[in-house]
Every structure is written in C-alpha cells, then in structure tokens.
file query23.txt (compact mmCIF, N, CA and C atoms)
# COMPACT_ATOMS: atom_id res chain seq x y z
N MET A 1145 40.61 34.32 -99.26
CA MET A 1145 41.52 33.28 -98.84
C MET A 1145 42.88 33.58 -99.44
N THR A 1146 43.90 33.28 -98.71
CA THR A 1146 45.26 33.50 -99.17
C THR A 1146 46.13 32.34 -98.73
N ASN A 1147 47.24 32.18 -99.41
CA ASN A 1147 48.14 31.09 -99.03
C ASN A 1147 49.12 31.53 -97.96
N GLY A 1148 48.98 32.77 -97.49
CA GLY A 1148 49.84 33.25 -96.41
C GLY A 1148 51.02 34.07 -96.88
N ASP A 1149 51.38 33.95 -98.17
CA ASP A 1149 52.49 34.75 -98.67
C ASP A 1149 52.06 36.21 -98.73
N HIS A 1150 52.94 37.09 -98.35
CA HIS A 1150 52.64 38.50 -98.44
C HIS A 1150 53.93 39.24 -98.76
N PHE A 1151 53.80 40.43 -99.27
CA PHE A 1151 54.96 41.23 -99.61
C PHE A 1151 54.62 42.69 -99.50
N ARG A 1152 55.61 43.51 -99.51
CA ARG A 1152 55.46 44.96 -99.56
C ARG A 1152 56.08 45.44 -100.86
N TRP A 1153 55.34 46.28 -101.57
CA TRP A 1153 55.84 46.78 -102.85
C TRP A 1153 57.20 47.44 -102.69
N GLN A 1154 57.41 48.13 -101.57
CA GLN A 1154 58.69 48.82 -101.40
C GLN A 1154 59.87 47.85 -101.38
N HIS A 1155 59.62 46.59 -101.04
CA HIS A 1155 60.68 45.59 -101.07
C HIS A 1155 60.77 44.91 -102.44
N LEU A 1156 59.69 44.93 -103.18
CA LEU A 1156 59.66 44.25 -104.48
C LEU A 1156 60.25 45.11 -105.60
N TRP A 1157 60.03 46.44 -105.56
CA TRP A 1157 60.50 47.30 -106.65
C TRP A 1157 62.00 47.19 -106.90
N PRO A 1158 62.86 47.15 -105.85
CA PRO A 1158 64.29 46.99 -106.14
C PRO A 1158 64.61 45.70 -106.90
N GLU A 1159 63.87 44.63 -106.60
CA GLU A 1159 64.10 43.38 -107.33
C GLU A 1159 63.67 43.50 -108.79
N ILE A 1160 62.54 44.16 -109.02
CA ILE A 1160 62.08 44.38 -110.40
C ILE A 1160 63.08 45.27 -111.13
N GLY A 1161 63.53 46.34 -110.47
CA GLY A 1161 64.52 47.22 -111.08
C GLY A 1161 65.80 46.48 -111.41
N ALA A 1162 66.28 45.64 -110.50
CA ALA A 1162 67.50 44.88 -110.74
C ALA A 1162 67.34 43.96 -111.94
N PHE A 1163 66.18 43.35 -112.07
CA PHE A 1163 65.92 42.46 -113.22
C PHE A 1163 66.10 43.20 -114.54
N PHE A 1164 65.63 44.46 -114.57
CA PHE A 1164 65.71 45.26 -115.78
C PHE A 1164 66.97 46.12 -115.83
N GLY A 1165 67.86 45.97 -114.85
CA GLY A 1165 69.09 46.75 -114.82
C GLY A 1165 68.86 48.22 -114.53
N MET A 1166 67.85 48.51 -113.72
CA MET A 1166 67.50 49.90 -113.40
C MET A 1166 67.63 50.14 -111.90
N GLU A 1167 68.03 51.35 -111.55
CA GLU A 1167 68.03 51.74 -110.14
C GLU A 1167 66.62 52.16 -109.74
N THR A 1168 66.32 52.03 -108.47
CA THR A 1168 65.02 52.48 -107.97
C THR A 1168 65.23 53.55 -106.90
N ALA A 1169 64.23 54.36 -106.70
CA ALA A 1169 64.27 55.40 -105.67
C ALA A 1169 63.55 54.91 -104.43
N PRO A 1170 63.78 55.58 -103.32
CA PRO A 1170 63.03 55.20 -102.12
C PRO A 1170 61.54 55.49 -102.30
N PRO A 1171 60.69 54.83 -101.52
CA PRO A 1171 59.25 55.06 -101.63
C PRO A 1171 58.90 56.53 -101.39
N GLN A 1172 57.89 56.99 -102.09
CA GLN A 1172 57.36 58.34 -101.90
C GLN A 1172 55.94 58.19 -101.34
N PRO A 1173 55.80 58.43 -100.05
CA PRO A 1173 54.48 58.24 -99.43
C PRO A 1173 53.42 59.13 -100.09
N MET A 1174 52.26 58.55 -100.31
CA MET A 1174 51.10 59.29 -100.81
C MET A 1174 49.86 58.52 -100.42
N SER A 1175 48.74 59.20 -100.40
CA SER A 1175 47.48 58.57 -100.06
C SER A 1175 46.59 58.54 -101.30
N LEU A 1176 46.27 57.34 -101.77
CA LEU A 1176 45.35 57.23 -102.90
C LEU A 1176 43.96 57.73 -102.51
N ALA A 1177 43.58 57.54 -101.25
CA ALA A 1177 42.27 58.03 -100.80
C ALA A 1177 42.19 59.54 -101.00
N GLU A 1178 43.27 60.26 -100.68
CA GLU A 1178 43.28 61.71 -100.88
C GLU A 1178 43.40 62.06 -102.36
N HIS A 1179 44.28 61.38 -103.06
CA HIS A 1179 44.54 61.69 -104.47
C HIS A 1179 43.31 61.42 -105.35
N MET A 1180 42.57 60.38 -105.05
CA MET A 1180 41.43 59.99 -105.89
C MET A 1180 40.11 60.63 -105.45
N ALA A 1181 40.11 61.37 -104.36
CA ALA A 1181 38.88 61.93 -103.80
C ALA A 1181 38.10 62.80 -104.79
N ASP A 1182 38.80 63.49 -105.68
CA ASP A 1182 38.11 64.39 -106.62
C ASP A 1182 38.09 63.86 -108.05
N LYS A 1183 38.29 62.55 -108.23
CA LYS A 1183 38.37 61.97 -109.57
C LYS A 1183 37.08 61.32 -110.06
N GLY A 1184 36.00 61.48 -109.33
CA GLY A 1184 34.72 60.89 -109.74
C GLY A 1184 34.28 61.39 -111.11
N GLY A 1185 34.46 62.66 -111.40
CA GLY A 1185 34.09 63.21 -112.71
C GLY A 1185 34.89 62.61 -113.85
N VAL A 1186 36.17 62.34 -113.59
CA VAL A 1186 37.02 61.70 -114.60
C VAL A 1186 36.47 60.30 -114.91
N TRP A 1187 36.11 59.57 -113.85
CA TRP A 1187 35.54 58.24 -114.03
C TRP A 1187 34.23 58.32 -114.81
N ASP A 1188 33.39 59.29 -114.47
CA ASP A 1188 32.12 59.44 -115.18
C ASP A 1188 32.35 59.71 -116.68
N ASP A 1189 33.37 60.48 -117.01
CA ASP A 1189 33.71 60.74 -118.42
C ASP A 1189 34.15 59.45 -119.13
N ILE A 1190 34.94 58.65 -118.44
CA ILE A 1190 35.39 57.37 -119.01
C ILE A 1190 34.19 56.46 -119.26
N VAL A 1191 33.30 56.40 -118.28
CA VAL A 1191 32.09 55.58 -118.41
C VAL A 1191 31.28 56.01 -119.62
N ALA A 1192 31.09 57.32 -119.78
CA ALA A 1192 30.29 57.83 -120.91
C ALA A 1192 31.00 57.56 -122.24
N ARG A 1193 32.30 57.81 -122.29
CA ARG A 1193 33.05 57.66 -123.54
C ARG A 1193 33.04 56.21 -124.04
N HIS A 1194 33.11 55.27 -123.12
CA HIS A 1194 33.20 53.85 -123.51
C HIS A 1194 31.89 53.10 -123.31
N ARG A 1195 30.83 53.86 -123.03
CA ARG A 1195 29.49 53.29 -122.82
C ARG A 1195 29.50 52.13 -121.84
N LEU A 1196 30.13 52.37 -120.70
CA LEU A 1196 30.17 51.38 -119.63
C LEU A 1196 28.92 51.49 -118.78
N ARG A 1197 28.67 50.47 -118.00
CA ARG A 1197 27.55 50.53 -117.08
C ARG A 1197 27.86 51.58 -116.02
N PRO A 1198 26.98 52.53 -115.82
CA PRO A 1198 27.27 53.60 -114.86
C PRO A 1198 27.26 53.10 -113.42
N GLU A 1199 28.39 53.17 -112.81
CA GLU A 1199 28.56 52.86 -111.40
C GLU A 1199 29.46 53.94 -110.81
N PRO A 1200 29.09 54.50 -109.68
CA PRO A 1200 29.97 55.49 -109.06
C PRO A 1200 31.32 54.85 -108.70
N MET A 1201 32.38 55.62 -108.87
CA MET A 1201 33.71 55.10 -108.60
C MET A 1201 33.83 54.56 -107.18
N GLU A 1202 33.15 55.21 -106.22
CA GLU A 1202 33.27 54.75 -104.84
C GLU A 1202 32.63 53.37 -104.62
N HIS A 1203 31.83 52.89 -105.57
CA HIS A 1203 31.29 51.53 -105.48
C HIS A 1203 32.27 50.50 -106.04
N LEU A 1204 33.29 50.97 -106.75
CA LEU A 1204 34.22 50.07 -107.42
C LEU A 1204 35.59 49.98 -106.76
N ALA A 1205 35.96 51.01 -106.05
CA ALA A 1205 37.30 51.03 -105.45
C ALA A 1205 37.23 51.58 -104.03
N ALA A 1206 37.87 50.90 -103.11
CA ALA A 1206 37.97 51.36 -101.73
C ALA A 1206 39.39 51.86 -101.53
N TRP A 1207 39.61 53.14 -101.83
CA TRP A 1207 40.97 53.69 -101.82
C TRP A 1207 41.66 53.57 -100.47
N PRO A 1208 40.97 53.75 -99.33
CA PRO A 1208 41.67 53.56 -98.05
C PRO A 1208 42.21 52.12 -97.91
N PHE A 1209 41.46 51.14 -98.42
CA PHE A 1209 41.94 49.76 -98.38
C PHE A 1209 43.18 49.62 -99.25
N VAL A 1210 43.15 50.22 -100.44
CA VAL A 1210 44.31 50.15 -101.35
C VAL A 1210 45.51 50.83 -100.71
N ASP A 1211 45.29 51.96 -100.01
CA ASP A 1211 46.39 52.61 -99.27
C ASP A 1211 47.07 51.62 -98.34
N GLY A 1212 46.27 50.87 -97.59
CA GLY A 1212 46.84 49.89 -96.67
C GLY A 1212 47.54 48.75 -97.37
N TRP A 1213 47.02 48.36 -98.51
CA TRP A 1213 47.59 47.24 -99.26
C TRP A 1213 48.95 47.62 -99.86
N PHE A 1214 49.01 48.82 -100.43
CA PHE A 1214 50.29 49.25 -101.02
C PHE A 1214 51.24 49.71 -99.93
call {"tool": "encode", "arguments": {"input": "query23.txt", "output": "structure tokens"}}
result
Amino acid sequence: MTNGDHFRWQHLWPEIGAFFGMETAPPQPMSLAEHMADKGGVWDDIVARHRLRPEPMEHLAAWPFVDGWF
C-alpha cells in the first residue's frame, strides 16, 4: 500500500546536493541485476563471517525490481 507519492532518485539527488552545498552529476545508468549477478559468493562470506541464517541472496533481493525502482 502506498499513499500515492512517488519520486525518481535522479530528481531527488540535486535537492540533497543543494542542501549540503554540493554539485551533482547526471545519472549514470547501470543495472543492479547485471552488477549483482556474480555476488552470491560475497553474500555467502558475509553470512558465514557474521553467523547469519543462510539464505541465498536471490531469496532476499529482486535486483530487476530494484532496477525499476531506482
């Protein structure tokens, strides 16, 4: 459920930058689905190091959905 408000990060970053007196660059397109595709081993190392409950990363994050959200 949502209250209907929505935003795009590319429109929000300049406002955040202005608040801190910083310039921002234009968006740099990238796909988290592609970038995170080979990071399962990194996640497994984090799980082992911190004794977390073992869950495959793909059960925790839907990168294509995040791509659409960002």
call {"tool": "closest_residue", "arguments": {"input": "query23.txt", "among": "A:Gly1184, A:Ala1177, A:Asp1149, A:Thr1168", "to": "A:Ala1206", "atoms": "all atoms listed in the file"}}
result
A:Ala1177
call {"tool": "closest_residue", "arguments": {"input": "query23.txt", "among": "A:Trp1213, A:Pro1170, A:Asp1188, A:Ala1162", "to": "A:His1150", "atoms": "only C-alpha atoms"}}
result
A:Trp1213
call {"tool": "atom_distance", "arguments": {"input": "query23.txt", "atom1": "atom N of A:Phe1163", "atom2": "atom C of A:Leu1176"}}
result
28.1 Å
call {"tool": "atom_distance", "arguments": {"input": "query23.txt", "atom1": "atom C of A:Phe1214", "atom2": "atom CA of A:Trp1153"}}
result
6.2 Å
call {"tool": "atom_distance", "arguments": {"input": "query23.txt", "atom1": "atom C of A:Met1174", "atom2": "atom N of A:Asp1211"}}
result
8.0 Å
call {"tool": "select_by_dssp", "arguments": {"input": "query23.txt", "residues": "stretch 1163-1208 of chain A", "states": "alpha helix (DSSP H)", "output": "list of chain:residue names"}}
result
A:Phe1163, A:Leu1176, A:Ala1177, A:Glu1178, A:His1179, A:Gly1184, A:Gly1185, A:Val1186, A:Trp1187, A:Asp1188, A:Asp1189, A:Ile1190, A:Val1191, A:Ala1192, A:Arg1193, A:Met1201, A:Glu1202, A:His1203, A:Leu1204, A:Trp1207, A:Pro1208
call {"tool": "residues_around", "arguments": {"input": "query23.txt", "residues": "A:Gly1185", "least_positions_apart": "2", "cutoff": "12 Å", "atoms": "only C-alpha atoms", "output": "ChimeraX atom specification"}}
result
/A:1180-1183,1187-1192,1198-1202
call {"tool": "closest_residue", "arguments": {"input": "query23.txt", "among": "A:His1194, A:His1203, A:Gly1212, A:Met1166", "to": "A:Arg1152", "atoms": "only C-alpha atoms"}}
result
A:Gly1212
call {"tool": "residues_around", "arguments": {"input": "query23.txt", "residues": "A:Glu1167", "least_positions_apart": "5", "cutoff": "8 Å", "atoms": "all atoms listed in the file", "output": "PDB file with N, CA and C atoms, in the frame of the given file"}}
result
ATOM      1  N   TRP A1157      60.030  46.440-105.560  1.00  0.00           N
ATOM      2  CA  TRP A1157      60.500  47.300-106.650  1.00  0.00           C
ATOM      3  C   TRP A1157      62.000  47.190-106.900  1.00  0.00           C
ATOM      4  N   PRO A1158      62.860  47.150-105.850  1.00  0.00           N
ATOM      5  CA  PRO A1158      64.290  46.990-106.140  1.00  0.00           C
ATOM      6  C   PRO A1158      64.610  45.700-106.900  1.00  0.00           C
ATOM      7  N   ILE A1160      62.540  44.160-109.020  1.00  0.00           N
ATOM      8  CA  ILE A1160      62.080  44.380-110.400  1.00  0.00           C
ATOM      9  C   ILE A1160      63.080  45.270-111.130  1.00  0.00           C
ATOM     10  N   GLY A1161      63.530  46.340-110.470  1.00  0.00           N
ATOM     11  CA  GLY A1161      64.520  47.220-111.080  1.00  0.00           C
ATOM     12  C   GLY A1161      65.800  46.480-111.410  1.00  0.00           C
ATOM     13  N   ALA A1162      66.280  45.640-110.500  1.00  0.00           N
ATOM     14  CA  ALA A1162      67.500  44.880-110.740  1.00  0.00           C
ATOM     15  C   ALA A1162      67.340  43.960-111.940  1.00  0.00           C
TER      16      ALA A1162
END
